[in-house]
$ cat upload.tsv   # TSV, C-alpha atoms
chain	number	residue	atom	x	y	z
A	1	MET	CA	-14.19	3.04	23.38
A	2	ASN	CA	-11.83	0.39	24.73
A	3	LEU	CA	-8.25	0.35	23.50
A	4	ARG	CA	-6.36	-2.82	22.64
A	5	PHE	CA	-2.61	-3.07	23.28
A	6	ALA	CA	0.00	-5.39	21.72
A	7	PHE	CA	3.02	-6.05	23.96
A	8	ALA	CA	6.13	-7.20	22.05
A	9	VAL	CA	7.67	-9.90	24.27
A	10	ASN	CA	9.97	-12.92	24.13
A	11	ASN	CA	8.92	-16.53	24.79
A	12	ASP	CA	9.31	-15.90	28.55
A	13	ASN	CA	6.79	-13.01	28.36
A	14	GLN	CA	9.48	-10.41	29.04
A	15	PHE	CA	10.23	-7.28	27.03
A	16	GLU	CA	13.67	-7.38	25.37
A	17	LYS	CA	15.68	-4.54	23.89
A	18	LYS	CA	14.62	-5.49	20.36
A	19	HIS	CA	12.52	-3.80	17.72
A	20	PHE	CA	8.77	-4.41	17.88
A	21	GLY	CA	8.81	-6.62	14.77
A	22	ASP	CA	11.54	-8.87	16.19
A	23	ALA	CA	9.47	-10.02	19.18
A	24	ASP	CA	8.77	-13.74	19.57
A	25	LYS	CA	5.11	-13.02	20.29
A	26	TYR	CA	2.54	-10.34	21.08
A	27	LEU	CA	0.43	-10.30	24.21
A	28	ILE	CA	-2.87	-8.61	23.34
A	29	TYR	CA	-4.48	-6.69	26.19
A	30	GLN	CA	-7.98	-5.22	26.17
A	31	GLU	CA	-8.78	-2.16	28.24
A	32	GLU	CA	-11.78	-2.89	30.46
A	33	SER	CA	-12.97	-0.46	33.15
A	34	ASP	CA	-9.58	1.33	33.16
A	35	LYS	CA	-7.71	-1.96	33.60
A	36	LEU	CA	-5.70	-3.96	31.08
A	37	VAL	CA	-6.86	-7.56	30.76
A	38	LEU	CA	-4.99	-10.21	28.75
A	39	SER	CA	-7.13	-11.09	25.75
A	40	SER	CA	-4.86	-13.36	23.66
A	41	GLU	CA	-1.29	-14.40	22.92
A	42	GLU	CA	-0.23	-14.28	19.27
A	43	SER	CA	2.95	-15.81	17.87
A	44	ASN	CA	4.93	-13.40	15.67
A	45	GLN	CA	4.74	-15.38	12.45
A	46	PHE	CA	6.45	-12.50	10.61
A	47	LYS	CA	9.60	-12.34	12.77
A	48	LEU	CA	11.88	-13.64	10.01
A	49	LEU	CA	9.88	-12.39	7.01
A	50	ASP	CA	12.16	-10.82	4.39
A	51	GLU	CA	15.04	-10.59	6.92
A	52	VAL	CA	17.53	-12.05	4.43
A	53	ALA	CA	16.81	-9.19	2.03
A	54	GLU	CA	16.68	-6.39	4.62
A	55	HIS	CA	16.37	-6.14	8.41
A	56	GLY	CA	13.10	-4.42	9.28
A	57	SER	CA	11.86	-4.40	5.70
A	58	ARG	CA	8.71	-2.55	4.65
A	59	LYS	CA	7.23	-5.91	3.61
A	60	LYS	CA	7.66	-7.24	7.16
A	61	GLY	CA	6.35	-3.99	8.66
A	62	LYS	CA	3.24	-4.05	6.47
A	63	ALA	CA	2.55	-7.71	7.30
A	64	ILE	CA	2.70	-7.02	11.05
A	65	ILE	CA	0.56	-3.88	10.68
A	66	GLU	CA	-2.16	-5.78	8.78
A	67	PHE	CA	-2.06	-8.67	11.27
A	68	LEU	CA	-2.48	-6.38	14.30
A	69	LYS	CA	-5.13	-4.24	12.60
A	70	GLY	CA	-7.03	-7.50	12.11
A	71	LYS	CA	-6.82	-8.01	15.89
A	72	ASN	CA	-8.25	-4.48	16.43
A	73	VAL	CA	-5.08	-3.32	18.19
A	74	ASN	CA	-4.65	0.44	18.77
A	75	VAL	CA	-1.41	0.68	20.79
A	76	LEU	CA	1.96	-1.03	20.28
A	77	VAL	CA	4.21	-1.42	23.31
A	78	SER	CA	7.91	-2.27	22.99
A	79	ARG	CA	11.38	-1.42	24.30
A	80	GLN	CA	12.36	-0.27	20.78
A	81	PHE	CA	10.93	0.50	17.38
A	82	GLY	CA	12.86	0.38	14.13
A	83	LYS	CA	12.81	2.32	10.89
A	84	ASN	CA	9.19	1.36	10.19
A	85	ILE	CA	8.03	3.67	12.99
A	86	LYS	CA	6.62	6.12	10.42
A	87	MET	CA	4.47	3.37	8.92
A	88	ILE	CA	3.44	2.20	12.38
A	89	ASN	CA	2.32	5.56	13.72
A	90	ALA	CA	-0.06	5.99	10.79
A	91	HIS	CA	-2.15	3.16	12.31
A	92	PHE	CA	-1.16	2.72	15.96
A	93	ILE	CA	0.04	4.70	18.97
A	94	PRO	CA	3.61	3.49	19.59
A	95	VAL	CA	4.77	3.34	23.21
A	96	ILE	CA	8.40	2.79	24.21
A	97	ILE	CA	8.84	1.41	27.71
A	98	SER	CA	11.97	0.85	29.78
A	99	SER	CA	10.84	-2.10	31.92
A	100	GLU	CA	11.28	-5.76	30.96
A	101	ASN	CA	8.34	-6.83	33.14
A	102	PRO	CA	4.84	-6.72	31.59
A	103	ASP	CA	3.19	-6.42	35.04
A	104	GLU	CA	5.15	-3.20	35.75
A	105	VAL	CA	4.30	-1.90	32.27
A	106	ILE	CA	0.60	-2.60	32.87
A	107	GLN	CA	0.71	-0.59	36.11
A	108	ILE	CA	2.42	2.36	34.41
A	109	LEU	CA	0.12	2.26	31.36
A	110	THR	CA	-2.96	2.08	33.57
A	111	ARG	CA	-1.86	5.22	35.44
A	112	HIS	CA	-1.42	7.07	32.13
A	113	LEU	CA	-4.29	5.57	30.17
A	114	HIS	CA	-6.03	8.94	29.86
A	115	TRP	CA	-3.09	10.37	27.83
A	116	ILE	CA	-3.18	7.47	25.40
A	117	LYS	CA	-6.98	7.58	25.09
A	118	ASP	CA	-6.83	11.33	24.41
A	119	GLU	CA	-4.29	10.77	21.63
A	120	TRP	CA	-6.49	8.08	20.04
A	121	LYS	CA	-9.62	10.27	20.22
A	122	GLN	CA	-7.92	13.39	18.81
A	123	LYS	CA	-6.23	11.86	15.77
A	124	GLU	CA	-6.84	9.39	12.99
A	125	SER	CA	-3.18	8.84	12.12
A	126	ASN	CA	0.31	10.28	12.65
A	127	PHE	CA	0.04	9.44	16.32
A	128	LYS	CA	2.65	10.70	18.73
A	129	LEU	CA	5.27	8.37	20.13
A	130	PHE	CA	4.97	7.93	23.89
A	131	THR	CA	8.10	7.16	25.88
A	132	ILE	CA	7.42	5.92	29.39
A	133	LYS	CA	10.06	5.67	32.04
A	134	ALA	CA	9.06	6.69	35.59
A	135	GLY	CA	6.49	9.14	34.23
A	136	ILE	CA	5.24	9.77	30.73
A	137	LEU	CA	6.71	11.82	27.94
A	138	LYS	CA	4.90	12.64	24.71
A	139	THR	CA	7.10	13.19	21.65
A	140	SER	CA	6.50	13.59	17.94
A	141	ILE	CA	7.80	11.44	15.15
A	142	GLU	CA	9.64	13.40	12.49
A	143	LYS	CA	8.28	13.03	8.97

$ encode --input "upload.tsv" --output "structure tokens"
Amino acid sequence: MNLRFAFAVNNDNQFEKKHFGDADKYLIYQEESDKLVLSSEESNQFKLLDEVAEHGSRKKGKAIIEFLKGKNVNVLVSRQFGKNIKMINAHFIPVIISSENPDEVIQILTRHLHWIKDEWKQKESNFKLFTIKAGILKTSIEK
């Protein structure tokens, strides 16, 4: 089973300290032979959806979830997640990273791929939130 990752980045392909849903685009990576290979680049067409009514609305969260499920994504990678984290972790493994550079993030994720794969195999929803700095830390999301 090969995982697919969505990196929440800006137009310069860098991670910013923004919520996942506020990214300019998503870089979709496919795991192949324990490496992450860029599969596609998807514009975040939902970035401004419902923002006038409410920042980080459920409507926006649901739209992004359905879009990424359609791309067969399993893991969301961002510097931050917002209040929709409880909706997100029902479908995806959320990973918070501290680096702005996708190449560094790929190296770190590759080293810890087994943890993420174990989480995906063991559960069908309510995935744990992974926070990666120098190492890896597994934490739960409160209900």

$ closest_residue --input "upload.tsv" --among "A:Lys62, A:His19, A:Lys25, A:His114" --to "Ile96 (chain A)" --atoms "all atoms listed in the file"
A:His19

$ closest_residue --input "upload.tsv" --among "A:Asp50, A:Glu124, A:Glu119, A:Asp34" --to "Ala90 (chain A)" --atoms "all atoms listed in the file"
A:Glu124

$ residues_around --input "upload.tsv" --residues "region 56-61 of chain A" --least-positions-apart "5" --cutoff "7 Å" --atoms "all atoms listed in the file" --output "ChimeraX atom specification"
/A:46,49-51,82-84

$ residues_near_point --input "upload.tsv" --point "(-0.8, 10.0, 15.0)" --cutoff "10 Å" --atoms "all atoms listed in the file" --output "list in words"
Lys86, Ile88, Asn89, Ala90, His91, Phe92, Ile93, Pro94, Glu119, Trp120, Gln122, Lys123, Glu124, Ser125, Asn126, Phe127, Lys128, Leu129, Ser140 and Ile141 of chain A

$ atom_distance --input "upload.tsv" --atom1 "CA of Phe67 (chain A)" --atom2 "CA of Gln14 (chain A)"
21.3 Å

$ atom_distance --input "upload.tsv" --atom1 "CA of Leu48 (chain A)" --atom2 "CA of Phe7 (chain A)"
18.2 Å

$ residues_around --input "upload.tsv" --residues "Ile64 (chain A)" --least-positions-apart "6" --cutoff "9 Å" --atoms "only C-alpha atoms" --output "list of chain:residue names"
A:Gly21, A:Asn44, A:Gln45, A:Phe46, A:Lys47

$ build_atoms --input "upload.tsv" --residues "region 102-128 of chain A" --atoms "N, CA, C and O atoms" --output "PDB file, in the coordinates of the input"
ATOM      1  N   PRO A 102       6.170  -7.151  32.030  1.00  0.00           N
ATOM      2  CA  PRO A 102       4.840  -6.720  31.590  1.00  0.00           C
ATOM      3  C   PRO A 102       3.932  -6.235  32.728  1.00  0.00           C
ATOM      4  O   PRO A 102       3.138  -5.321  32.538  1.00  0.00           O
ATOM      5  N   ASP A 103       4.042  -6.850  33.917  1.00  0.00           N
ATOM      6  CA  ASP A 103       3.190  -6.420  35.040  1.00  0.00           C
ATOM      7  C   ASP A 103       3.492  -4.969  35.433  1.00  0.00           C
ATOM      8  O   ASP A 103       2.574  -4.190  35.700  1.00  0.00           O
ATOM      9  N   GLU A 104       4.780  -4.598  35.455  1.00  0.00           N
ATOM     10  CA  GLU A 104       5.150  -3.200  35.750  1.00  0.00           C
ATOM     11  C   GLU A 104       4.627  -2.276  34.653  1.00  0.00           C
ATOM     12  O   GLU A 104       4.129  -1.195  34.933  1.00  0.00           O
ATOM     13  N   VAL A 105       4.758  -2.709  33.405  1.00  0.00           N
ATOM     14  CA  VAL A 105       4.300  -1.900  32.270  1.00  0.00           C
ATOM     15  C   VAL A 105       2.789  -1.682  32.358  1.00  0.00           C
ATOM     16  O   VAL A 105       2.298  -0.579  32.126  1.00  0.00           O
ATOM     17  N   ILE A 106       2.052  -2.725  32.720  1.00  0.00           N
ATOM     18  CA  ILE A 106       0.600  -2.600  32.870  1.00  0.00           C
ATOM     19  C   ILE A 106       0.260  -1.548  33.924  1.00  0.00           C
ATOM     20  O   ILE A 106      -0.622  -0.710  33.717  1.00  0.00           O
ATOM     21  N   GLN A 107       0.964  -1.581  35.049  1.00  0.00           N
ATOM     22  CA  GLN A 107       0.710  -0.590  36.110  1.00  0.00           C
ATOM     23  C   GLN A 107       0.965   0.826  35.610  1.00  0.00           C
ATOM     24  O   GLN A 107       0.156   1.726  35.844  1.00  0.00           O
ATOM     25  N   ILE A 108       2.072   1.018  34.918  1.00  0.00           N
ATOM     26  CA  ILE A 108       2.420   2.360  34.410  1.00  0.00           C
ATOM     27  C   ILE A 108       1.408   2.796  33.351  1.00  0.00           C
ATOM     28  O   ILE A 108       0.912   3.923  33.383  1.00  0.00           O
ATOM     29  N   LEU A 109       1.087   1.911  32.407  1.00  0.00           N
ATOM     30  CA  LEU A 109       0.120   2.260  31.360  1.00  0.00           C
ATOM     31  C   LEU A 109      -1.241   2.594  31.952  1.00  0.00           C
ATOM     32  O   LEU A 109      -1.902   3.533  31.509  1.00  0.00           O
ATOM     33  N   THR A 110      -1.655   1.839  32.942  1.00  0.00           N
ATOM     34  CA  THR A 110      -2.960   2.080  33.570  1.00  0.00           C
ATOM     35  C   THR A 110      -3.004   3.466  34.196  1.00  0.00           C
ATOM     36  O   THR A 110      -4.015   4.165  34.072  1.00  0.00           O
ATOM     37  N   ARG A 111      -1.913   3.873  34.830  1.00  0.00           N
ATOM     38  CA  ARG A 111      -1.860   5.220  35.440  1.00  0.00           C
ATOM     39  C   ARG A 111      -1.945   6.320  34.392  1.00  0.00           C
ATOM     40  O   ARG A 111      -2.412   7.418  34.672  1.00  0.00           O
ATOM     41  N   HIS A 112      -1.484   6.046  33.177  1.00  0.00           N
ATOM     42  CA  HIS A 112      -1.420   7.070  32.130  1.00  0.00           C
ATOM     43  C   HIS A 112      -2.376   6.800  30.974  1.00  0.00           C
ATOM     44  O   HIS A 112      -2.220   7.381  29.901  1.00  0.00           O
ATOM     45  N   LEU A 113      -3.343   5.956  31.214  1.00  0.00           N
ATOM     46  CA  LEU A 113      -4.290   5.570  30.170  1.00  0.00           C
ATOM     47  C   LEU A 113      -5.002   6.775  29.553  1.00  0.00           C
ATOM     48  O   LEU A 113      -5.240   6.810  28.349  1.00  0.00           O
ATOM     49  N   HIS A 114      -5.300   7.759  30.366  1.00  0.00           N
ATOM     50  CA  HIS A 114      -6.030   8.940  29.860  1.00  0.00           C
ATOM     51  C   HIS A 114      -5.243   9.664  28.767  1.00  0.00           C
ATOM     52  O   HIS A 114      -5.830  10.163  27.814  1.00  0.00           O
ATOM     53  N   TRP A 115      -3.912   9.720  28.866  1.00  0.00           N
ATOM     54  CA  TRP A 115      -3.090  10.370  27.830  1.00  0.00           C
ATOM     55  C   TRP A 115      -3.219   9.621  26.508  1.00  0.00           C
ATOM     56  O   TRP A 115      -3.352  10.212  25.441  1.00  0.00           O
ATOM     57  N   ILE A 116      -3.136   8.306  26.600  1.00  0.00           N
ATOM     58  CA  ILE A 116      -3.180   7.470  25.400  1.00  0.00           C
ATOM     59  C   ILE A 116      -4.568   7.534  24.774  1.00  0.00           C
ATOM     60  O   ILE A 116      -4.705   7.663  23.554  1.00  0.00           O
ATOM     61  N   LYS A 117      -5.603   7.481  25.608  1.00  0.00           N
ATOM     62  CA  LYS A 117      -6.980   7.580  25.090  1.00  0.00           C
ATOM     63  C   LYS A 117      -7.213   8.928  24.418  1.00  0.00           C
ATOM     64  O   LYS A 117      -7.854   8.992  23.371  1.00  0.00           O
ATOM     65  N   ASP A 118      -6.685   9.994  25.011  1.00  0.00           N
ATOM     66  CA  ASP A 118      -6.830  11.330  24.410  1.00  0.00           C
ATOM     67  C   ASP A 118      -6.179  11.372  23.032  1.00  0.00           C
ATOM     68  O   ASP A 118      -6.738  11.933  22.090  1.00  0.00           O
ATOM     69  N   GLU A 119      -5.005  10.789  22.908  1.00  0.00           N
ATOM     70  CA  GLU A 119      -4.290  10.770  21.630  1.00  0.00           C
ATOM     71  C   GLU A 119      -5.126  10.017  20.587  1.00  0.00           C
ATOM     72  O   GLU A 119      -5.249  10.458  19.445  1.00  0.00           O
ATOM     73  N   TRP A 120      -5.700   8.877  20.983  1.00  0.00           N
ATOM     74  CA  TRP A 120      -6.490   8.080  20.040  1.00  0.00           C
ATOM     75  C   TRP A 120      -7.746   8.834  19.598  1.00  0.00           C
ATOM     76  O   TRP A 120      -8.128   8.799  18.441  1.00  0.00           O
ATOM     77  N   LYS A 121      -8.384   9.523  20.531  1.00  0.00           N
ATOM     78  CA  LYS A 121      -9.620  10.270  20.220  1.00  0.00           C
ATOM     79  C   LYS A 121      -9.354  11.471  19.318  1.00  0.00           C
ATOM     80  O   LYS A 121     -10.167  11.817  18.480  1.00  0.00           O
ATOM     81  N   GLN A 122      -8.207  12.127  19.510  1.00  0.00           N
ATOM     82  CA  GLN A 122      -7.920  13.390  18.810  1.00  0.00           C
ATOM     83  C   GLN A 122      -7.405  13.201  17.394  1.00  0.00           C
ATOM     84  O   GLN A 122      -7.461  14.125  16.596  1.00  0.00           O
ATOM     85  N   LYS A 123      -6.880  12.039  17.073  1.00  0.00           N
ATOM     86  CA  LYS A 123      -6.230  11.860  15.770  1.00  0.00           C
ATOM     87  C   LYS A 123      -6.737  10.622  15.065  1.00  0.00           C
ATOM     88  O   LYS A 123      -7.274   9.715  15.682  1.00  0.00           O
ATOM     89  N   GLU A 124      -6.520  10.589  13.759  1.00  0.00           N
ATOM     90  CA  GLU A 124      -6.840   9.390  12.990  1.00  0.00           C
ATOM     91  C   GLU A 124      -5.582   8.693  12.505  1.00  0.00           C
ATOM     92  O   GLU A 124      -5.619   7.526  12.145  1.00  0.00           O
ATOM     93  N   SER A 125      -4.465   9.430  12.468  1.00  0.00           N
ATOM     94  CA  SER A 125      -3.180   8.840  12.120  1.00  0.00           C
ATOM     95  C   SER A 125      -2.083   9.798  12.566  1.00  0.00           C
ATOM     96  O   SER A 125      -2.360  10.808  13.197  1.00  0.00           O
ATOM     97  N   ASN A 126      -0.844   9.487  12.209  1.00  0.00           N
ATOM     98  CA  ASN A 126       0.310  10.280  12.650  1.00  0.00           C
ATOM     99  C   ASN A 126       0.294  10.492  14.163  1.00  0.00           C
ATOM    100  O   ASN A 126       0.427  11.598  14.663  1.00  0.00           O
ATOM    101  N   PHE A 127       0.103   9.386  14.860  1.00  0.00           N
ATOM    102  CA  PHE A 127       0.040   9.440  16.320  1.00  0.00           C
ATOM    103  C   PHE A 127       1.412   9.768  16.897  1.00  0.00           C
ATOM    104  O   PHE A 127       2.443   9.436  16.316  1.00  0.00           O
ATOM    105  N   LYS A 128       1.406  10.386  18.042  1.00  0.00           N
ATOM    106  CA  LYS A 128       2.650  10.700  18.730  1.00  0.00           C
ATOM    107  C   LYS A 128       3.245   9.428  19.323  1.00  0.00           C
ATOM    108  O   LYS A 128       2.530   8.479  19.624  1.00  0.00           O
TER     109      LYS A 128
END
